[in-house]
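Text of structure_15.cif (mmCIF, C-alpha atoms (C1' of nucleotides)) as supplied:
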data_run
loop_
_atom_site.label_atom_id
_atom_site.label_comp_id
_atom_site.auth_asym_id
_atom_site.auth_seq_id
_atom_site.Cartn_x
_atom_site.Cartn_y
_atom_site.Cartn_z
CA MET Y 1 0.00 0.00 0.00
CA SER Y 2 2.20 2.77 -1.17
CA LEU Y 3 -0.14 5.02 -3.05
CA LYS Y 4 -0.68 6.31 0.46
CA HIS Y 5 2.97 7.19 0.76
CA ALA Y 6 3.13 8.67 -2.68
CA ILE Y 7 0.25 10.97 -1.76
CA LEU Y 8 1.84 11.85 1.57
CA THR Y 9 5.03 12.69 -0.30
CA LEU Y 10 3.23 14.99 -2.69
CA LEU Y 11 1.26 16.70 0.06
CA GLU Y 12 4.40 17.14 2.10
CA THR Y 13 5.81 19.25 -0.69
CA GLU Y 14 2.62 21.20 -1.26
CA ASP Y 15 -1.03 21.13 -0.20
CA GLY Y 16 -3.56 20.45 -2.88
CA THR Y 17 -6.83 19.02 -4.06
CA GLY Y 18 -7.32 15.53 -5.42
CA TYR Y 19 -7.23 17.00 -8.85
CA ASP Y 20 -3.96 18.80 -8.12
CA LEU Y 21 -2.49 15.51 -7.01
CA LEU Y 22 -3.69 13.82 -10.17
CA LYS Y 23 -1.91 16.48 -12.22
CA ARG Y 24 1.23 16.14 -10.18
CA PHE Y 25 1.16 12.39 -10.63
CA GLU Y 26 0.82 12.89 -14.35
CA ASP Y 27 3.41 15.61 -14.68
CA HIS Y 28 6.04 14.95 -12.07
CA LEU Y 29 5.80 11.65 -10.25
CA GLY Y 30 4.31 10.09 -13.36
CA TYR Y 31 7.50 8.43 -14.44
CA PHE Y 32 7.69 6.31 -11.33
CA TRP Y 33 4.23 6.33 -9.87
CA ASN Y 34 0.81 6.38 -11.44
CA ALA Y 35 -2.70 6.64 -10.16
CA SER Y 36 -6.11 7.23 -11.66
CA HIS Y 37 -8.39 9.93 -10.31
CA GLN Y 38 -10.74 7.33 -8.85
CA GLN Y 39 -7.90 5.76 -6.96
CA ILE Y 40 -6.69 9.10 -5.67
CA TYR Y 41 -10.07 10.30 -4.44
CA ALA Y 42 -10.78 6.97 -2.78
CA GLN Y 43 -7.37 6.96 -1.14
CA LEU Y 44 -7.78 10.54 0.09
CA LYS Y 45 -11.07 9.59 1.67
CA THR Y 46 -9.48 6.64 3.46
CA MET Y 47 -6.51 8.68 4.58
CA HIS Y 48 -8.81 11.36 5.91
CA LYS Y 49 -10.63 8.71 7.93
CA GLU Y 50 -7.25 7.57 9.23
CA ALA Y 51 -6.50 11.18 10.18
CA LEU Y 52 -3.33 11.26 8.11
CA ILE Y 53 -4.63 14.23 6.20
CA ASP Y 54 -7.15 17.01 6.69
CA PHE Y 55 -8.83 19.39 4.29
CA GLN Y 56 -10.20 22.88 4.04
CA LEU Y 57 -13.33 23.07 2.00
CA GLU Y 58 -13.21 25.97 -0.40
CA THR Y 59 -16.74 26.76 -1.43
CA GLN Y 60 -16.91 28.82 -4.54
CA ASP Y 61 -20.07 30.26 -6.01
CA ASP Y 62 -19.01 30.08 -9.61
CA LYS Y 63 -16.78 26.99 -9.69
CA PRO Y 64 -17.28 23.57 -8.13
CA ASP Y 65 -16.08 23.15 -4.56
CA LYS Y 66 -12.53 22.27 -3.73
CA LYS Y 67 -11.10 20.20 -0.92
CA ILE Y 68 -7.61 21.34 -0.22
CA TYR Y 69 -5.80 18.60 1.60
CA THR Y 70 -2.95 19.08 4.04
CA LEU Y 71 -0.85 16.68 6.07
CA THR Y 72 -1.69 16.25 9.72
CA ASP Y 73 1.08 15.67 12.27
CA SER Y 74 0.11 12.03 12.21
CA GLY Y 75 0.47 11.98 8.43
CA ARG Y 76 3.83 13.66 8.60
CA GLN Y 77 4.93 11.05 11.10
CA GLU Y 78 3.64 8.19 8.99
CA LEU Y 79 5.61 9.54 6.04
CA SER Y 80 8.87 9.96 7.90
CA GLU Y 81 8.51 6.48 9.38
CA TRP Y 82 7.96 5.04 5.94
CA VAL Y 83 10.93 6.91 4.55
CA GLN Y 84 13.13 5.46 7.32
CA GLN Y 85 12.01 1.89 6.73
CA PRO Y 86 13.81 -0.28 4.19
CA LEU Y 87 11.48 -1.31 1.44
CA LYS Y 88 11.00 -4.53 -0.37
CA LEU Y 89 11.52 -4.20 -4.10
CA GLY Y 90 8.40 -3.68 -6.12
CA LYS Y 91 7.27 -6.13 -8.71
CA VAL Y 92 8.05 -5.42 -12.30
CA LYS Y 93 5.31 -5.95 -14.83
CA ASP Y 94 6.29 -5.15 -18.34
CA ALA Y 95 3.83 -6.55 -20.84
CA LEU Y 96 5.96 -5.48 -23.80
CA LEU Y 97 8.71 -7.81 -22.69
CA VAL Y 98 6.30 -10.70 -22.30
CA LYS Y 99 5.21 -9.95 -25.82
CA ILE Y 100 8.73 -9.88 -27.19
CA TYR Y 101 9.41 -13.12 -25.35
CA ALA Y 102 6.52 -14.67 -27.27
CA GLY Y 103 7.59 -12.70 -30.31
CA HIS Y 104 8.01 -15.68 -32.62
CA LEU Y 105 4.21 -15.82 -32.72
CA ALA Y 106 3.86 -12.20 -33.75
CA ASP Y 107 3.80 -10.56 -37.11
CA LYS Y 108 7.27 -9.09 -37.36
CA GLU Y 109 6.22 -5.99 -39.28
CA GLN Y 110 3.65 -5.16 -36.68
CA LEU Y 111 6.14 -5.75 -33.91
CA LEU Y 112 8.55 -3.43 -35.67
CA GLU Y 113 5.84 -0.77 -35.86
CA GLU Y 114 5.20 -1.14 -32.17
CA MET Y 115 8.88 -0.92 -31.31
CA LEU Y 116 9.29 2.20 -33.43
CA HIS Y 117 6.40 3.76 -31.59
CA TYR Y 118 7.87 2.64 -28.28
CA ARG Y 119 11.25 4.14 -29.12
CA ASP Y 120 9.75 7.42 -30.25
CA SER Y 121 7.60 7.88 -27.19
CA HIS Y 122 10.61 7.24 -24.99
CA LYS Y 123 12.62 9.71 -27.05
CA ARG Y 124 9.94 12.31 -26.45
CA MET Y 125 9.91 11.50 -22.77
CA LEU Y 126 13.68 11.89 -22.66
CA GLN Y 127 13.42 15.30 -24.32
CA THR Y 128 10.89 16.38 -21.71
CA PHE Y 129 13.15 15.22 -18.90
CA LEU Y 130 16.17 16.92 -20.40
CA ALA Y 131 14.23 20.18 -20.61
CA ILE Y 132 13.34 19.92 -16.94
CA GLU Y 133 16.94 19.13 -16.12
CA ASP Y 134 18.07 22.16 -18.05
CA GLU Y 135 15.71 24.33 -16.07
CA TYR Y 136 17.03 22.84 -12.85
CA LEU Y 137 20.65 23.35 -13.79
CA ASN Y 138 19.96 26.98 -14.60
CA SER Y 139 18.18 27.69 -11.35
CA SER Y 140 19.79 29.27 -8.29
CA LYS Y 141 22.13 27.29 -6.04
CA LYS Y 142 19.54 27.60 -3.28
CA LYS Y 143 16.80 26.16 -5.46
CA GLN Y 144 19.11 23.39 -6.59
CA GLN Y 145 19.88 22.41 -3.05
CA GLU Y 146 16.19 22.42 -2.18
CA LEU Y 147 15.31 20.18 -5.09
CA ALA Y 148 18.35 17.94 -4.86
CA MET Y 149 16.41 14.78 -4.07
CA PRO Y 150 13.66 15.24 -6.64
CA TYR Y 151 16.45 16.02 -9.10
CA LEU Y 152 17.94 12.60 -8.44
CA THR Y 153 14.62 11.02 -9.38
CA LEU Y 154 14.71 13.04 -12.57
CA ARG Y 155 18.15 11.60 -13.22
CA ARG Y 156 16.62 8.14 -12.85
CA GLY Y 157 14.16 9.12 -15.50
CA ILE Y 158 16.84 10.34 -17.87
CA ILE Y 159 19.07 7.32 -17.42
CA GLY Y 160 16.08 4.99 -17.63
CA GLU Y 161 14.79 6.54 -20.83
CA ARG Y 162 18.21 6.33 -22.44
CA ALA Y 163 18.28 2.64 -21.56
CA CYS Y 164 14.83 2.15 -23.07
CA ILE Y 165 15.89 3.83 -26.29
CA GLU Y 166 19.16 1.91 -26.49
CA TRP Y 167 17.31 -1.38 -26.10
CA ALA Y 168 14.60 -0.38 -28.55
CA GLU Y 169 17.28 0.40 -31.14
CA GLU Y 170 18.71 -3.08 -30.70
CA VAL Y 171 15.33 -4.72 -31.15
CA ILE Y 172 14.52 -2.55 -34.17
CA GLN Y 173 17.88 -3.38 -35.75
CA TYR Y 174 17.26 -7.09 -35.21
CA LEU Y 175 13.75 -6.96 -36.64
CA ARG Y 176 15.04 -5.11 -39.71
CA LYS Y 177 17.88 -7.56 -40.16
CA ILE Y 178 15.63 -10.61 -40.23
CA ARG Y 179 13.29 -8.84 -42.62
CA ALA Y 180 16.05 -8.22 -45.14
CA MET U 1 -5.23 -8.84 -16.97
CA SER U 2 -1.95 -9.93 -18.37
CA LEU U 3 -0.80 -12.54 -15.94
CA LYS U 4 -2.97 -14.65 -18.18
CA HIS U 5 -0.82 -13.80 -21.16
CA ALA U 6 2.39 -14.26 -19.28
CA ILE U 7 1.26 -17.77 -18.34
CA LEU U 8 0.15 -18.51 -21.88
CA THR U 9 3.57 -17.37 -23.07
CA LEU U 10 5.37 -19.67 -20.67
CA LEU U 11 3.16 -22.64 -21.48
CA GLU U 12 3.60 -22.03 -25.17
CA THR U 13 7.31 -22.61 -24.73
CA GLU U 14 6.90 -25.63 -22.49
CA ASP U 15 4.16 -27.46 -20.59
CA GLY U 16 4.39 -27.45 -16.84
CA THR U 17 2.80 -27.47 -13.42
CA GLY U 18 1.89 -24.37 -11.43
CA TYR U 19 5.06 -24.84 -9.50
CA ASP U 20 7.11 -25.05 -12.67
CA LEU U 21 5.59 -21.79 -13.80
CA LEU U 22 6.41 -20.20 -10.48
CA LYS U 23 10.04 -21.24 -10.91
CA ARG U 24 10.13 -19.96 -14.45
CA PHE U 25 8.68 -16.66 -13.32
CA GLU U 26 11.35 -16.44 -10.67
CA ASP U 27 14.23 -17.54 -12.85
CA HIS U 28 13.49 -16.33 -16.34
CA LEU U 29 10.55 -14.00 -16.70
CA GLY U 30 11.22 -12.65 -13.22
CA TYR U 31 12.95 -9.54 -14.43
CA PHE U 32 9.88 -8.29 -16.21
CA TRP U 33 6.99 -10.20 -14.71
CA ASN U 34 6.29 -11.47 -11.25
CA ALA U 35 3.61 -13.57 -9.69
CA SER U 36 3.12 -15.33 -6.38
CA HIS U 37 2.17 -18.99 -6.24
CA GLN U 38 -1.32 -18.14 -5.00
CA GLN U 39 -1.84 -15.90 -7.96
CA ILE U 40 -0.57 -18.51 -10.38
CA TYR U 41 -2.68 -21.36 -9.07
CA ALA U 42 -5.78 -19.18 -8.99
CA GLN U 43 -5.12 -17.95 -12.51
CA LEU U 44 -4.55 -21.49 -13.79
CA LYS U 45 -7.87 -22.52 -12.32
CA THR U 46 -9.65 -19.63 -14.03
CA MET U 47 -7.91 -20.28 -17.33
CA HIS U 48 -8.85 -23.93 -17.17
CA LYS U 49 -12.46 -22.93 -16.68
CA GLU U 50 -12.09 -20.66 -19.70
CA ALA U 51 -10.70 -23.63 -21.64
CA LEU U 52 -7.50 -21.79 -22.50
CA ILE U 53 -5.47 -24.56 -20.91
CA ASP U 54 -5.89 -28.21 -20.04
CA PHE U 55 -4.00 -30.51 -17.71
CA GLN U 56 -2.93 -34.09 -17.30
CA LEU U 57 -3.11 -35.25 -13.73
CA GLU U 58 -0.02 -37.18 -12.82
CA THR U 59 -0.83 -39.26 -9.78
CA GLN U 60 2.23 -40.45 -8.01
CA ASP U 61 2.21 -42.83 -5.05
CA ASP U 62 5.26 -41.40 -3.35
CA LYS U 63 5.09 -37.71 -4.24
CA PRO U 64 2.15 -35.29 -4.22
CA ASP U 65 0.09 -35.16 -7.38
CA LYS U 66 1.00 -32.96 -10.29
CA LYS U 67 -1.16 -31.12 -12.74
CA ILE U 68 0.75 -30.65 -15.95
CA TYR U 69 -0.83 -27.84 -17.88
CA THR U 70 -0.82 -27.50 -21.65
CA LEU U 71 -2.22 -24.90 -24.02
CA THR U 72 -5.46 -25.70 -25.79
CA ASP U 73 -6.05 -24.48 -29.34
CA SER U 74 -8.20 -21.78 -27.84
CA GLY U 75 -5.36 -20.75 -25.55
CA ARG U 76 -2.91 -20.69 -28.40
CA GLN U 77 -5.29 -18.48 -30.32
CA GLU U 78 -5.81 -16.13 -27.39
CA LEU U 79 -2.05 -15.77 -27.08
CA SER U 80 -1.42 -15.04 -30.72
CA GLU U 81 -4.27 -12.53 -30.75
CA TRP U 82 -2.80 -10.80 -27.74
CA VAL U 83 0.65 -10.74 -29.30
CA GLN U 84 -0.81 -9.08 -32.42
CA GLN U 85 -2.64 -6.38 -30.47
CA PRO U 86 -0.89 -3.14 -29.59
CA LEU U 87 -0.66 -2.74 -25.86
CA LYS U 88 -1.14 0.23 -23.63
CA LEU U 89 1.92 0.98 -21.55
CA GLY U 90 1.92 -0.46 -18.09
CA LYS U 91 1.99 1.68 -15.01
CA VAL U 92 5.27 2.16 -13.27
CA LYS U 93 5.35 1.90 -9.51
CA ASP U 94 8.72 2.39 -8.03
CA ALA U 95 8.56 3.00 -4.31
CA LEU U 96 12.29 3.68 -4.04
CA LEU U 97 11.91 6.71 -6.25
CA VAL U 98 9.02 8.01 -4.18
CA LYS U 99 11.27 7.61 -1.20
CA ILE U 100 14.15 9.46 -2.79
CA TYR U 101 11.72 12.17 -3.82
CA ALA U 102 10.84 12.59 -0.15
CA GLY U 103 14.48 12.02 0.71
CA HIS U 104 14.96 15.29 2.60
CA LEU U 105 12.93 13.68 5.38
CA ALA U 106 15.13 10.61 5.57
CA ASP U 107 18.23 9.87 7.53
CA LYS U 108 20.94 10.24 4.91
CA GLU U 109 23.17 7.50 6.29
CA GLN U 110 20.33 5.05 6.18
CA LEU U 111 19.43 6.12 2.69
CA LEU U 112 23.06 5.60 1.68
CA GLU U 113 22.95 2.10 3.14
CA GLU U 114 19.83 1.35 1.20
CA MET U 115 21.29 2.68 -2.03
CA LEU U 116 24.46 0.61 -1.57
CA HIS U 117 22.32 -2.45 -1.10
CA TYR U 118 20.26 -1.50 -4.12
CA ARG U 119 23.35 -1.07 -6.26
CA ASP U 120 24.85 -4.36 -5.14
CA SER U 121 21.75 -6.39 -5.78
CA HIS U 122 21.52 -4.92 -9.26
CA LYS U 123 25.17 -5.69 -9.82
CA ARG U 124 24.52 -9.29 -8.87
CA MET U 125 21.53 -9.39 -11.17
CA LEU U 126 23.65 -8.01 -14.00
CA GLN U 127 26.26 -10.71 -13.42
CA THR U 128 23.56 -13.35 -13.62
CA PHE U 129 22.25 -11.91 -16.86
CA LEU U 130 25.71 -11.66 -18.35
CA ALA U 131 26.34 -15.31 -17.53
CA ILE U 132 23.12 -16.28 -19.30
CA GLU U 133 24.11 -14.11 -22.25
CA ASP U 134 27.48 -15.79 -22.40
CA GLU U 135 25.81 -19.17 -22.52
CA TYR U 136 23.56 -17.96 -25.30
CA LEU U 137 26.39 -16.53 -27.34
CA ASN U 138 28.29 -19.80 -27.08
CA SER U 139 25.35 -21.93 -28.16
CA SER U 140 24.76 -23.18 -31.70
CA LYS U 141 23.51 -20.88 -34.44
CA LYS U 142 20.32 -22.93 -34.54
CA LYS U 143 19.72 -22.49 -30.82
CA GLN U 144 20.50 -18.81 -31.10
CA GLN U 145 17.94 -18.38 -33.83
CA GLU U 146 15.37 -20.26 -31.81
CA LEU U 147 15.91 -18.12 -28.74
CA ALA U 148 16.35 -14.84 -30.58
CA MET U 149 13.29 -13.17 -29.06
CA PRO U 150 13.86 -14.29 -25.48
CA TYR U 151 17.44 -13.15 -25.96
CA LEU U 152 16.19 -9.66 -26.75
CA THR U 153 14.36 -9.63 -23.42
CA LEU U 154 17.59 -10.65 -21.76
CA ARG U 155 19.25 -7.68 -23.46
CA ARG U 156 16.57 -5.51 -21.89
CA GLY U 157 17.58 -6.91 -18.55
CA ILE U 158 21.25 -6.23 -19.12
CA ILE U 159 20.74 -2.69 -20.38
CA GLY U 160 18.21 -2.02 -17.62
CA GLU U 161 20.50 -3.27 -14.87
CA ARG U 162 23.37 -1.16 -16.17
CA ALA U 163 21.08 1.85 -16.02
CA CYS U 164 20.06 1.01 -12.45
CA ILE U 165 23.68 0.74 -11.40
CA GLU U 166 24.69 3.94 -13.16
CA TRP U 167 21.92 5.83 -11.41
CA ALA U 168 22.64 4.24 -8.06
CA GLU U 169 26.27 5.36 -8.38
CA GLU U 170 25.12 8.92 -8.94
CA VAL U 171 22.87 8.88 -5.91
CA ILE U 172 25.59 7.29 -3.76
CA GLN U 173 28.09 9.87 -4.89
CA TYR U 174 25.68 12.66 -4.03
CA LEU U 175 24.89 11.24 -0.60
CA ARG U 176 28.60 10.91 0.16
CA LYS U 177 29.31 14.41 -1.05
CA ILE U 178 26.73 16.02 1.25
CA ARG U 179 28.01 13.93 4.15
CA ALA U 180 31.53 15.22 3.76
"C1'" DC W 1 16.07 -38.42 14.36
"C1'" DA W 2 14.55 -33.68 14.41
"C1'" DG W 3 14.23 -29.81 11.74
"C1'" DC W 4 14.45 -27.39 7.53
"C1'" DA W 5 14.38 -26.45 2.48
"C1'" DA W 6 12.31 -27.72 -1.71
"C1'" DT W 7 8.44 -29.63 -4.11
"C1'" DA W 8 3.44 -29.24 -4.93
"C1'" DT W 9 -1.12 -27.44 -4.19
"C1'" DG W 10 -4.84 -24.64 -2.67
"C1'" DC W 11 -8.64 -21.58 0.21
"C1'" DA W 12 -10.28 -17.30 2.41
"C1'" DA W 13 -10.08 -12.61 3.68
"C1'" DT W 14 -8.62 -8.33 2.70
"C1'" DT W 15 -6.55 -4.68 0.15
"C1'" DT W 16 -5.69 -2.39 -4.22
"C1'" DA W 17 -6.70 -1.21 -8.80
"C1'" DT W 18 -9.60 -0.94 -12.88
"C1'" DT W 19 -13.72 -0.01 -15.48
"C1'" DG W 20 -17.81 2.19 -16.16
"C1'" DC W 21 -20.87 5.54 -14.86
"C1'" DA W 22 -22.27 10.11 -13.12
"C1'" DT W 23 -22.46 15.17 -12.12
"C1'" DA W 24 -21.39 20.15 -12.64
"C1'" DT W 25 -18.99 24.54 -14.07
"C1'" DC W 26 -16.08 27.51 -17.05
"C1'" DA W 27 -13.66 28.88 -21.08
"C1'" DA W 28 -12.70 28.57 -25.65
"C1'" DT W 29 -13.86 27.46 -30.22
"C1'" DA W 30 -16.32 26.18 -34.27
"C1'" DT M 1 -25.12 28.45 -29.82
"C1'" DA M 2 -23.52 23.80 -29.48
"C1'" DT M 3 -19.70 21.16 -28.48
"C1'" DT M 4 -15.48 20.10 -26.56
"C1'" DG M 5 -11.70 20.21 -23.02
"C1'" DA M 6 -10.23 21.39 -18.60
"C1'" DT M 7 -11.46 21.62 -13.81
"C1'" DA M 8 -13.40 19.10 -9.83
"C1'" DT M 9 -15.50 15.21 -7.49
"C1'" DG M 10 -17.32 10.81 -6.52
"C1'" DC M 11 -19.92 5.80 -6.39
"C1'" DA M 12 -20.41 0.91 -7.62
"C1'" DA M 13 -19.02 -3.31 -9.58
"C1'" DT M 14 -15.54 -6.09 -10.84
"C1'" DA M 15 -10.84 -7.74 -11.31
"C1'" DA M 16 -6.34 -8.47 -9.58
"C1'" DA M 17 -3.01 -8.95 -5.97
"C1'" DT M 18 -1.52 -9.62 -1.26
"C1'" DT M 19 -1.50 -11.78 3.21
"C1'" DG M 20 -2.25 -15.43 6.08
"C1'" DC M 21 -3.27 -20.01 6.65
"C1'" DA M 22 -3.16 -24.98 5.49
"C1'" DT M 23 -1.56 -29.63 3.91
"C1'" DA M 24 1.70 -33.31 2.49
"C1'" DT M 25 6.07 -35.57 0.78
"C1'" DT M 26 11.14 -36.01 -0.14
"C1'" DG M 27 15.80 -35.39 0.84
"C1'" DC M 28 19.39 -33.28 3.26
"C1'" DT M 29 21.87 -31.73 7.29
"C1'" DG M 30 23.18 -31.18 12.00
#

Would you give me this structure, written as C-alpha cells?
Amino acid sequence: MSLKHAILTLLETEDGTGYDLLKRFEDHLGYFWNASHQQIYAQLKTMHKEALIDFQLETQDDKPDKKIYTLTDSGRQELSEWVQQPLKLGKVKDALLVKIYAGHLADKEQLLEEMLHYRDSHKRMLQTFLAIEDEYLNSSKKKQQELAMPYLTLRRGIIGERACIEWAEEVIQYLRKIRA
Amino acid sequence: MSLKHAILTLLETEDGTGYDLLKRFEDHLGYFWNASHQQIYAQLKTMHKEALIDFQLETQDDKPDKKIYTLTDSGRQELSEWVQQPLKLGKVKDALLVKIYAGHLADKEQLLEEMLHYRDSHKRMLQTFLAIEDEYLNSSKKKQQELAMPYLTLRRGIIGERACIEWAEEVIQYLRKIRA
DNA sequence: CAGCAATATGCAATTTATTGCATATCAATA
DNA sequence: TATTGATATGCAATAAATTGCATATTGCTG
C-alpha cells in the first residue's frame, strides 16, 4: 500500500486538491508512480478517515467546490517512518517484454511498428526530462539544493529513458535484419 | 489482466505445473513479470475454466500429485491474438523513487545504506544476466535463432540493470558528497 | 532423528486497482 | 449556440493482488 505514501510525499511538498495531485502524478511523479483519479479520491477519503490528512473546504459560487488537503502531524509522522524503513523491491510488470518473449508468434512488421512507436515515445519523454533538467541546472544554487532529491529522481528518468531507447534500437535493428 | 498472457507465453514454450511456472517466473521472466504462487494457481484454475489450458493429472504414489498444464487451441489463439494487439503501456510503480523524492525527510546515512544495497543487488543481477548471455552466445547458431526473441528480453535486462547501477552510483556519490 | 528447504497445491479474507458511470462549471472554439 | 476540453468530485461493480493459513512428501543436514 504505497499510493498512500506517494500521496503523503506529494502533500508534504505542497497542499492540494485531489485533482492537483492527479496532475502532479501525471506531470512529475508520473515516471515512477501512477494513479487514476478514482484511486486518488478513494485513497484521500481513506486517509482522511485515518487522520493522516485534513482538508479545508473551499466553497466557490461560480466553480465547483474544492477540498484542499494538508498533512496532519500524524500523516507527517507516517511519512517519515515510511521513509526510514527499508522497502522490499516492487514487482516489475512489463507486458511489452512478455510480448517480445513470445515474439516468434507475432507478425514481425507489426512488432517493428510497435517498437518504433515505443522508441519514439521514450525519445519524447527523454526530451521532456532533459528540458526539466536544463531548467534545474539553470536555477539558483539555493533552489538546486532544495530540489536535490527530486532532481535525483529526474536523473533516474533520464538514465532509464536512455536505456529504453538503447534497447529499442537493438530490437529494431534485429527486426530489420531478419526482414532483409 | 496480463498474468494470463504471461502464463500462456510460458506454457507455449513448455508445458508445466503451477510450480514449474512459479520457478520460471522467478528464474526467467522474473525480471519483467512477477507472480506469487497463490496468484498462479488461482489464474490457472480460471484459465482452465475458460478452456485456454488443459492438464494431465499425474498421480504419483510417493510424491504429491501434479497437474501438468498444456495450451489448448483456444489458448494458443488467445495468445497469438494478444501478441498481435498493440498494448497500452503499463503503469510504473517504483517506491524507491518516491522515497528518494521525499528524501529530505530521511536519515541520509540510512538512505546511503539502502542505495548501496540496491546497487549491489543490481550488480549481482547483472552478473547473472551476463552469464546467461554468455551461454547464449556460445550456443549453436540454430539455438540462437530459436531463442532470438527471449534473448532480446535478456538484453533488456542487461541494459536495464546497467542503467540502475549507473543511477545508483550517482545517488551514492551525491549522498557521500553532502556527508563530507 | 529432528528440523528445515524444496516440491506441490490450494482456500479465504482483505486490500488495491480498474472499469464504467455520473455530475457540474467555465472557457474557448467552431 | 452547441460542443469540446479542462477543472473538480465521486460511487459501484468487478478484477487483480496480497496476506495469512493450510496440507503433504522427499531429501538433506546437524

Given the file shown, determine the residues that the PyMOL selection byres ((chain M and resi 3) around 9) selects; report them as a PDB file with C-alpha atoms (C1' of nucleotides), in the frame of the given file.
ATOM      1  C1'  DT W  29     -13.860  27.460 -30.220  1.00  0.00           C
ATOM      2  C1'  DA W  30     -16.320  26.180 -34.270  1.00  0.00           C
TER       3       DA W  30
ATOM      4  C1'  DA M   2     -23.520  23.800 -29.480  1.00  0.00           C
ATOM      5  C1'  DT M   4     -15.480  20.100 -26.560  1.00  0.00           C
TER       6       DT M   4
END

Next item on the list: Hey, list the chain M side of the contact with chain Y: 10 Å cut-off, only C-alpha atoms (C1' of nucleotides), answer as a ChimeraX atom specification.
Entry: /M:7-11,18

Check: Hey, can you pull every residue with an atom no more than 10 Å from (13.9, 15.6, -18.0), using only C-alpha atoms (C1' of nucleotides), and send it as a list in words?
Finding: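 Applying the cut-off with only C-alpha atoms (C1' of nucleotides), one gets His28, Arg124, Met125, Leu126, Gln127, Thr128, Phe129, Leu130, Ala131, Ile132, Glu133, Asp134, Glu135, Tyr136, Tyr151, Thr153, Leu154, Arg155, Arg156, Gly157, Ile158, Ile159 and Glu161 of chain Y.
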
Next item on the list: Provide as a VMD selection string the residues of chain W at most 8 Å from chain Y, counting only C-alpha atoms (C1' of nucleotides).
Entry: chain W and resid 16 to 17 24 to 26

Interface list for chain Y, partner chain U, 7 Å threshold, only C-alpha atoms, as a CSV table (one decimal) with C-alpha atoms, in the frame of the given file:
chain,number,residue,atom,x,y,z
Y,6,ALA,CA,3.1,8.7,-2.7
Y,9,THR,CA,5.0,12.7,-0.3
Y,31,TYR,CA,7.5,8.4,-14.4
Y,32,PHE,CA,7.7,6.3,-11.3
Y,33,TRP,CA,4.2,6.3,-9.9
Y,34,ASN,CA,0.8,6.4,-11.4
Y,80,SER,CA,8.9,10.0,7.9
Y,83,VAL,CA,10.9,6.9,4.6
Y,84,GLN,CA,13.1,5.5,7.3
Y,86,PRO,CA,13.8,-0.3,4.2
Y,90,GLY,CA,8.4,-3.7,-6.1
Y,91,LYS,CA,7.3,-6.1,-8.7
Y,92,VAL,CA,8.0,-5.4,-12.3
Y,93,LYS,CA,5.3,-6.0,-14.8
Y,94,ASP,CA,6.3,-5.2,-18.3
Y,95,ALA,CA,3.8,-6.6,-20.8
Y,97,LEU,CA,8.7,-7.8,-22.7
Y,98,VAL,CA,6.3,-10.7,-22.3
Y,99,LYS,CA,5.2,-10.0,-25.8
Y,100,ILE,CA,8.7,-9.9,-27.2
Y,101,TYR,CA,9.4,-13.1,-25.4
Y,102,ALA,CA,6.5,-14.7,-27.3
Y,103,GLY,CA,7.6,-12.7,-30.3
Y,104,HIS,CA,8.0,-15.7,-32.6
Y,105,LEU,CA,4.2,-15.8,-32.7
Y,106,ALA,CA,3.9,-12.2,-33.8
Y,107,ASP,CA,3.8,-10.6,-37.1
Y,114,GLU,CA,5.2,-1.1,-32.2
Y,149,MET,CA,16.4,14.8,-4.1
Y,150,PRO,CA,13.7,15.2,-6.6
Y,152,LEU,CA,17.9,12.6,-8.4
Y,153,THR,CA,14.6,11.0,-9.4
Y,156,ARG,CA,16.6,8.1,-12.8
Y,159,ILE,CA,19.1,7.3,-17.4
Y,160,GLY,CA,16.1,5.0,-17.6
Y,163,ALA,CA,18.3,2.6,-21.6
Y,167,TRP,CA,17.3,-1.4,-26.1
Y,171,VAL,CA,15.3,-4.7,-31.2

Item checked: Picked residues, the PyMOL selection byres ((chain M and resi 23) around 9), as a VMD selection string -> (chain W and resid 9 to 10) or (chain M and resid 22 24)

For the file shown, what are the residues hit by the PyMOL selection byres ((chain M and resi 29) around 12), laid out as a PDB file with C-alpha atoms (C1' of nucleotides), in the coordinates of the input?
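Result file result_22.pdb:
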ATOM      1  C1'  DC W   1      16.070 -38.420  14.360  1.00  0.00           C
ATOM      2  C1'  DA W   2      14.550 -33.680  14.410  1.00  0.00           C
ATOM      3  C1'  DG W   3      14.230 -29.810  11.740  1.00  0.00           C
ATOM      4  C1'  DC W   4      14.450 -27.390   7.530  1.00  0.00           C
ATOM      5  C1'  DA W   5      14.380 -26.450   2.480  1.00  0.00           C
TER       6       DA W   5
ATOM      7  C1'  DG M  27      15.800 -35.390   0.840  1.00  0.00           C
ATOM      8  C1'  DC M  28      19.390 -33.280   3.260  1.00  0.00           C
ATOM      9  C1'  DG M  30      23.180 -31.180  12.000  1.00  0.00           C
TER      10       DG M  30
END

Next item on the list: Record the distance separating atom CA of Y:Arg179 and atom CA of U:Lys143, expressed in Å with one decimal.
Entry: 19.2 Å

Reconstructed N, CA, C and O atoms for stretch 78-82 of chain U, given as an mmCIF file, keeping the file's coordinate frame:
data_model
loop_
_atom_site.group_PDB
_atom_site.id
_atom_site.type_symbol
_atom_site.label_atom_id
_atom_site.label_comp_id
_atom_site.auth_asym_id
_atom_site.auth_seq_id
_atom_site.Cartn_x
_atom_site.Cartn_y
_atom_site.Cartn_z
ATOM 1 N N GLU U 78 -5.771 -17.292 -28.296
ATOM 2 C CA GLU U 78 -5.810 -16.130 -27.390
ATOM 3 C C GLU U 78 -4.446 -15.471 -27.308
ATOM 4 O O GLU U 78 -4.320 -14.246 -27.387
ATOM 5 N N LEU U 79 -3.411 -16.292 -27.176
ATOM 6 C CA LEU U 79 -2.050 -15.770 -27.080
ATOM 7 C C LEU U 79 -1.634 -15.053 -28.353
ATOM 8 O O LEU U 79 -1.110 -13.938 -28.304
ATOM 9 N N SER U 80 -1.903 -15.680 -29.493
ATOM 10 C CA SER U 80 -1.420 -15.040 -30.720
ATOM 11 C C SER U 80 -2.222 -13.774 -31.024
ATOM 12 O O SER U 80 -1.684 -12.805 -31.551
ATOM 13 N N GLU U 81 -3.495 -13.763 -30.602
ATOM 14 C CA GLU U 81 -4.270 -12.530 -30.750
ATOM 15 C C GLU U 81 -3.693 -11.415 -29.878
ATOM 16 O O GLU U 81 -3.565 -10.279 -30.306
ATOM 17 N N TRP U 82 -3.349 -11.789 -28.661
ATOM 18 C CA TRP U 82 -2.800 -10.800 -27.740
ATOM 19 C C TRP U 82 -1.473 -10.242 -28.250
ATOM 20 O O TRP U 82 -1.207 -9.045 -28.179
#
